[in-house]
file work.csv (CSV, C-alpha atoms)
chain,number,residue,atom,x,y,z
A,2,MET,CA,38.8,-36.3,-27.2
A,3,TYR,CA,38.2,-38.7,-24.3
A,4,THR,CA,41.8,-39.3,-23.5
A,5,ASN,CA,44.9,-37.1,-23.1
A,6,SER,CA,46.6,-37.9,-26.4
A,7,ARG,CA,46.0,-38.9,-29.9
A,8,GLU,CA,47.8,-42.2,-29.3
A,9,ASN,CA,45.6,-43.1,-26.4
A,10,GLU,CA,42.5,-42.1,-28.4
A,11,VAL,CA,43.5,-44.4,-31.2
A,12,ARG,CA,44.2,-47.2,-28.7
A,13,LEU,CA,40.7,-46.7,-27.2
A,14,LEU,CA,39.1,-46.9,-30.7
A,15,LYS,CA,41.0,-50.1,-31.5
A,16,ARG,CA,39.9,-51.7,-28.2
A,17,LEU,CA,36.2,-50.7,-28.9
A,18,TRP,CA,36.3,-52.0,-32.5
A,19,ALA,CA,37.9,-55.2,-31.3
A,20,GLU,CA,35.1,-55.5,-28.6
A,21,LEU,CA,37.7,-55.9,-25.9
A,22,PRO,CA,36.5,-55.0,-22.3
A,23,THR,CA,37.2,-51.3,-21.9
A,24,ILE,CA,36.8,-49.2,-18.8
A,25,CYS,CA,35.2,-45.8,-19.3
A,26,PRO,CA,38.0,-43.3,-19.8
A,27,LYS,CA,35.7,-40.5,-18.3
A,28,CYS,CA,34.6,-42.0,-14.9
A,29,HIS,CA,36.8,-45.1,-14.6
A,30,GLN,CA,33.8,-46.8,-12.9
A,31,ALA,CA,32.5,-49.4,-15.4
A,32,GLU,CA,33.1,-51.3,-18.6
A,33,LEU,CA,31.6,-49.8,-21.7
A,34,GLU,CA,28.6,-51.6,-23.2
A,35,HIS,CA,27.1,-51.6,-26.7
A,36,LEU,CA,24.7,-48.6,-27.0
A,37,HIS,CA,22.3,-50.7,-29.1
A,38,LYS,CA,22.6,-53.8,-26.9
A,39,LYS,CA,19.2,-55.3,-27.8
A,40,ALA,CA,19.5,-54.6,-31.5
A,41,LYS,CA,23.3,-55.6,-31.8
A,42,LYS,CA,23.4,-53.3,-34.8
A,43,SER,CA,27.2,-52.7,-34.7
A,44,ASN,CA,30.1,-52.1,-32.4
A,45,LEU,CA,30.3,-48.4,-33.4
A,46,ASP,CA,28.5,-46.9,-30.5
A,47,TRP,CA,29.2,-47.6,-26.8
A,48,LYS,CA,27.8,-46.3,-23.5
A,49,CYS,CA,29.1,-46.3,-19.9
A,50,PRO,CA,26.4,-47.7,-17.6
A,51,ALA,CA,27.9,-45.7,-14.6
A,52,CYS,CA,28.2,-42.2,-15.9
A,53,GLY,CA,26.0,-42.4,-19.1
A,54,GLU,CA,28.7,-41.1,-21.4
A,55,ILE,CA,28.2,-42.2,-25.0
A,56,TYR,CA,31.1,-43.0,-27.3
A,57,ARG,CA,30.4,-42.8,-31.0
A,58,THR,CA,33.5,-44.2,-32.6
A,59,ILE,CA,32.9,-42.8,-36.1
A,60,ASN,CA,32.7,-39.3,-34.6
A,61,MET,CA,35.8,-40.0,-32.4
A,62,LEU,CA,37.8,-41.0,-35.5
A,63,SER,CA,36.8,-37.9,-37.5
A,64,GLU,CA,37.7,-35.6,-34.5
A,65,LEU,CA,41.2,-37.0,-34.0
A,66,PRO,CA,43.9,-34.4,-34.4
A,67,ASP,CA,46.3,-34.9,-37.3
A,68,SER,CA,49.4,-35.3,-35.1

call {"tool": "encode", "arguments": {"input": "work.csv", "output": "structure tokens"}}
result
Amino acid sequence: MYTNSRENEVRLLKRLWAELPTICPKCHQAELEHLHKKAKKSNLDWKCPACGEIYRTINMLSELPDS
């Protein structure tokens, strides 16, 4: 998980899927950008331009704890 709780992780996922400006939860230095910026394939994968962390939302969703 990239955040400190399940609720915050769900909030992060919702922001990414809604394509709202989201600051990287790891480094807090930059807004996340589409990983596939040129292809504009989907809004499922994001990357922080500052620290290079990649956020794959499908993986994040499957790794969420049950409670």

call {"tool": "closest_residue", "arguments": {"input": "work.csv", "among": "A:Leu14, A:Leu33, A:Pro26, A:Leu21", "to": "Ile59 in chain A", "atoms": "only C-alpha atoms"}}
result
A:Leu14

call {"tool": "closest_residue", "arguments": {"input": "work.csv", "among": "A:Leu65, A:His35, A:Cys28, A:Pro22", "to": "Asn9 in chain A", "atoms": "only C-alpha atoms"}}
result
A:Leu65

call {"tool": "atom_distance", "arguments": {"input": "work.csv", "atom1": "CA of Glu64 in chain A", "atom2": "CA of His37 in chain A"}}
result
22.2 Å

call {"tool": "closest_residue", "arguments": {"input": "work.csv", "among": "A:Ala51, A:Cys25, A:Ala31, A:Ala19", "to": "Tyr3 in chain A", "atoms": "all atoms listed in the file"}}
result
A:Cys25

call {"tool": "residues_around", "arguments": {"input": "work.csv", "residues": "Glu10 in chain A", "least_positions_apart": "5", "cutoff": "10 Å", "atoms": "all atoms listed in the file", "output": "list in words"}}
result
Met2, Tyr3, Thr4, Asn5, Lys15, Arg16, Pro26, Met61, Leu62, Leu65 and Pro66 of chain A

call {"tool": "write_last_selection", "arguments": {"input": "work.csv", "atoms": "C-alpha atoms", "output": "mmCIF file, in the coordinates of the input"}}
result
data_model
loop_
_atom_site.group_PDB
_atom_site.id
_atom_site.type_symbol
_atom_site.label_atom_id
_atom_site.label_comp_id
_atom_site.auth_asym_id
_atom_site.auth_seq_id
_atom_site.Cartn_x
_atom_site.Cartn_y
_atom_site.Cartn_z
ATOM 1 C CA MET A 2 38.800 -36.300 -27.200
ATOM 2 C CA TYR A 3 38.200 -38.700 -24.300
ATOM 3 C CA THR A 4 41.800 -39.300 -23.500
ATOM 4 C CA ASN A 5 44.900 -37.100 -23.100
ATOM 5 C CA LYS A 15 41.000 -50.100 -31.500
ATOM 6 C CA ARG A 16 39.900 -51.700 -28.200
ATOM 7 C CA PRO A 26 38.000 -43.300 -19.800
ATOM 8 C CA MET A 61 35.800 -40.000 -32.400
ATOM 9 C CA LEU A 62 37.800 -41.000 -35.500
ATOM 10 C CA LEU A 65 41.200 -37.000 -34.000
ATOM 11 C CA PRO A 66 43.900 -34.400 -34.400
#

call {"tool": "decode", "arguments": {"input": "work.csv", "residues": "range 6-31 of chain A", "atoms": "N, CA and C atoms", "output": "PDB file, in the first residue's frame"}}
result
ATOM      1  N   SER A   6      -3.612   3.698   5.339  1.00  0.00           N
ATOM      2  CA  SER A   6      -4.846   2.991   5.675  1.00  0.00           C
ATOM      3  C   SER A   6      -5.592   2.576   4.412  1.00  0.00           C
ATOM      4  N   ARG A   7      -6.489   1.614   4.593  1.00  0.00           N
ATOM      5  CA  ARG A   7      -7.307   1.139   3.477  1.00  0.00           C
ATOM      6  C   ARG A   7      -8.160   2.281   2.921  1.00  0.00           C
ATOM      7  N   GLU A   8      -8.728   3.083   3.809  1.00  0.00           N
ATOM      8  CA  GLU A   8      -9.592   4.187   3.392  1.00  0.00           C
ATOM      9  C   GLU A   8      -8.824   5.200   2.536  1.00  0.00           C
ATOM     10  N   ASN A   9      -7.603   5.523   2.933  1.00  0.00           N
ATOM     11  CA  ASN A   9      -6.789   6.459   2.154  1.00  0.00           C
ATOM     12  C   ASN A   9      -6.381   5.862   0.814  1.00  0.00           C
ATOM     13  N   GLU A  10      -6.140   4.566   0.807  1.00  0.00           N
ATOM     14  CA  GLU A  10      -5.783   3.902  -0.450  1.00  0.00           C
ATOM     15  C   GLU A  10      -6.962   3.931  -1.419  1.00  0.00           C
ATOM     16  N   VAL A  11      -8.159   3.682  -0.915  1.00  0.00           N
ATOM     17  CA  VAL A  11      -9.364   3.733  -1.750  1.00  0.00           C
ATOM     18  C   VAL A  11      -9.562   5.161  -2.268  1.00  0.00           C
ATOM     19  N   ARG A  12      -9.347   6.147  -1.416  1.00  0.00           N
ATOM     20  CA  ARG A  12      -9.461   7.556  -1.821  1.00  0.00           C
ATOM     21  C   ARG A  12      -8.466   7.870  -2.935  1.00  0.00           C
ATOM     22  N   LEU A  13      -7.235   7.372  -2.802  1.00  0.00           N
ATOM     23  CA  LEU A  13      -6.211   7.568  -3.828  1.00  0.00           C
ATOM     24  C   LEU A  13      -6.647   6.940  -5.152  1.00  0.00           C
ATOM     25  N   LEU A  14      -7.139   5.721  -5.098  1.00  0.00           N
ATOM     26  CA  LEU A  14      -7.609   5.051  -6.318  1.00  0.00           C
ATOM     27  C   LEU A  14      -8.727   5.844  -6.991  1.00  0.00           C
ATOM     28  N   LYS A  15      -9.676   6.312  -6.209  1.00  0.00           N
ATOM     29  CA  LYS A  15     -10.791   7.082  -6.777  1.00  0.00           C
ATOM     30  C   LYS A  15     -10.297   8.364  -7.446  1.00  0.00           C
ATOM     31  N   ARG A  16      -9.342   9.034  -6.825  1.00  0.00           N
ATOM     32  CA  ARG A  16      -8.783  10.270  -7.411  1.00  0.00           C
ATOM     33  C   ARG A  16      -8.092   9.966  -8.743  1.00  0.00           C
ATOM     34  N   LEU A  17      -7.331   8.884  -8.769  1.00  0.00           N
ATOM     35  CA  LEU A  17      -6.617   8.530  -9.998  1.00  0.00           C
ATOM     36  C   LEU A  17      -7.596   8.164 -11.106  1.00  0.00           C
ATOM     37  N   TRP A  18      -8.599   7.356 -10.796  1.00  0.00           N
ATOM     38  CA  TRP A  18      -9.570   6.954 -11.811  1.00  0.00           C
ATOM     39  C   TRP A  18     -10.404   8.133 -12.301  1.00  0.00           C
ATOM     40  N   ALA A  19     -10.614   9.113 -11.445  1.00  0.00           N
ATOM     41  CA  ALA A  19     -11.363  10.310 -11.855  1.00  0.00           C
ATOM     42  C   ALA A  19     -10.453  11.319 -12.557  1.00  0.00           C
ATOM     43  N   GLU A  20      -9.166  10.998 -12.628  1.00  0.00           N
ATOM     44  CA  GLU A  20      -8.148  11.841 -13.264  1.00  0.00           C
ATOM     45  C   GLU A  20      -8.058  13.214 -12.599  1.00  0.00           C
ATOM     46  N   LEU A  21      -8.200  13.236 -11.279  1.00  0.00           N
ATOM     47  CA  LEU A  21      -8.034  14.461 -10.517  1.00  0.00           C
ATOM     48  C   LEU A  21      -6.551  14.674 -10.224  1.00  0.00           C
ATOM     49  N   PRO A  22      -6.090  15.902 -10.162  1.00  0.00           N
ATOM     50  CA  PRO A  22      -4.681  16.146  -9.833  1.00  0.00           C
ATOM     51  C   PRO A  22      -4.357  15.516  -8.474  1.00  0.00           C
ATOM     52  N   THR A  23      -3.319  14.679  -8.459  1.00  0.00           N
ATOM     53  CA  THR A  23      -2.983  13.936  -7.247  1.00  0.00           C
ATOM     54  C   THR A  23      -1.486  14.013  -7.003  1.00  0.00           C
ATOM     55  N   ILE A  24      -1.110  14.457  -5.824  1.00  0.00           N
ATOM     56  CA  ILE A  24       0.299  14.519  -5.432  1.00  0.00           C
ATOM     57  C   ILE A  24       0.774  13.113  -5.080  1.00  0.00           C
ATOM     58  N   CYS A  25       1.987  12.803  -5.441  1.00  0.00           N
ATOM     59  CA  CYS A  25       2.568  11.495  -5.157  1.00  0.00           C
ATOM     60  C   CYS A  25       2.553  11.231  -3.648  1.00  0.00           C
ATOM     61  N   PRO A  26       1.917  10.132  -3.211  1.00  0.00           N
ATOM     62  CA  PRO A  26       1.874   9.838  -1.780  1.00  0.00           C
ATOM     63  C   PRO A  26       3.219   9.360  -1.224  1.00  0.00           C
ATOM     64  N   LYS A  27       4.139   9.015  -2.102  1.00  0.00           N
ATOM     65  CA  LYS A  27       5.449   8.543  -1.644  1.00  0.00           C
ATOM     66  C   LYS A  27       6.406   9.708  -1.360  1.00  0.00           C
ATOM     67  N   CYS A  28       6.592  10.608  -2.333  1.00  0.00           N
ATOM     68  CA  CYS A  28       7.588  11.682  -2.176  1.00  0.00           C
ATOM     69  C   CYS A  28       6.966  13.051  -1.898  1.00  0.00           C
ATOM     70  N   HIS A  29       5.680  13.213  -2.187  1.00  0.00           N
ATOM     71  CA  HIS A  29       4.969  14.482  -1.975  1.00  0.00           C
ATOM     72  C   HIS A  29       5.606  15.643  -2.744  1.00  0.00           C
ATOM     73  N   GLN A  30       6.251  15.357  -3.879  1.00  0.00           N
ATOM     74  CA  GLN A  30       6.976  16.389  -4.626  1.00  0.00           C
ATOM     75  C   GLN A  30       6.302  16.803  -5.936  1.00  0.00           C
ATOM     76  N   ALA A  31       5.485  15.941  -6.522  1.00  0.00           N
ATOM     77  CA  ALA A  31       4.935  16.248  -7.845  1.00  0.00           C
ATOM     78  C   ALA A  31       3.577  15.581  -8.031  1.00  0.00           C
TER      79      ALA A  31
END
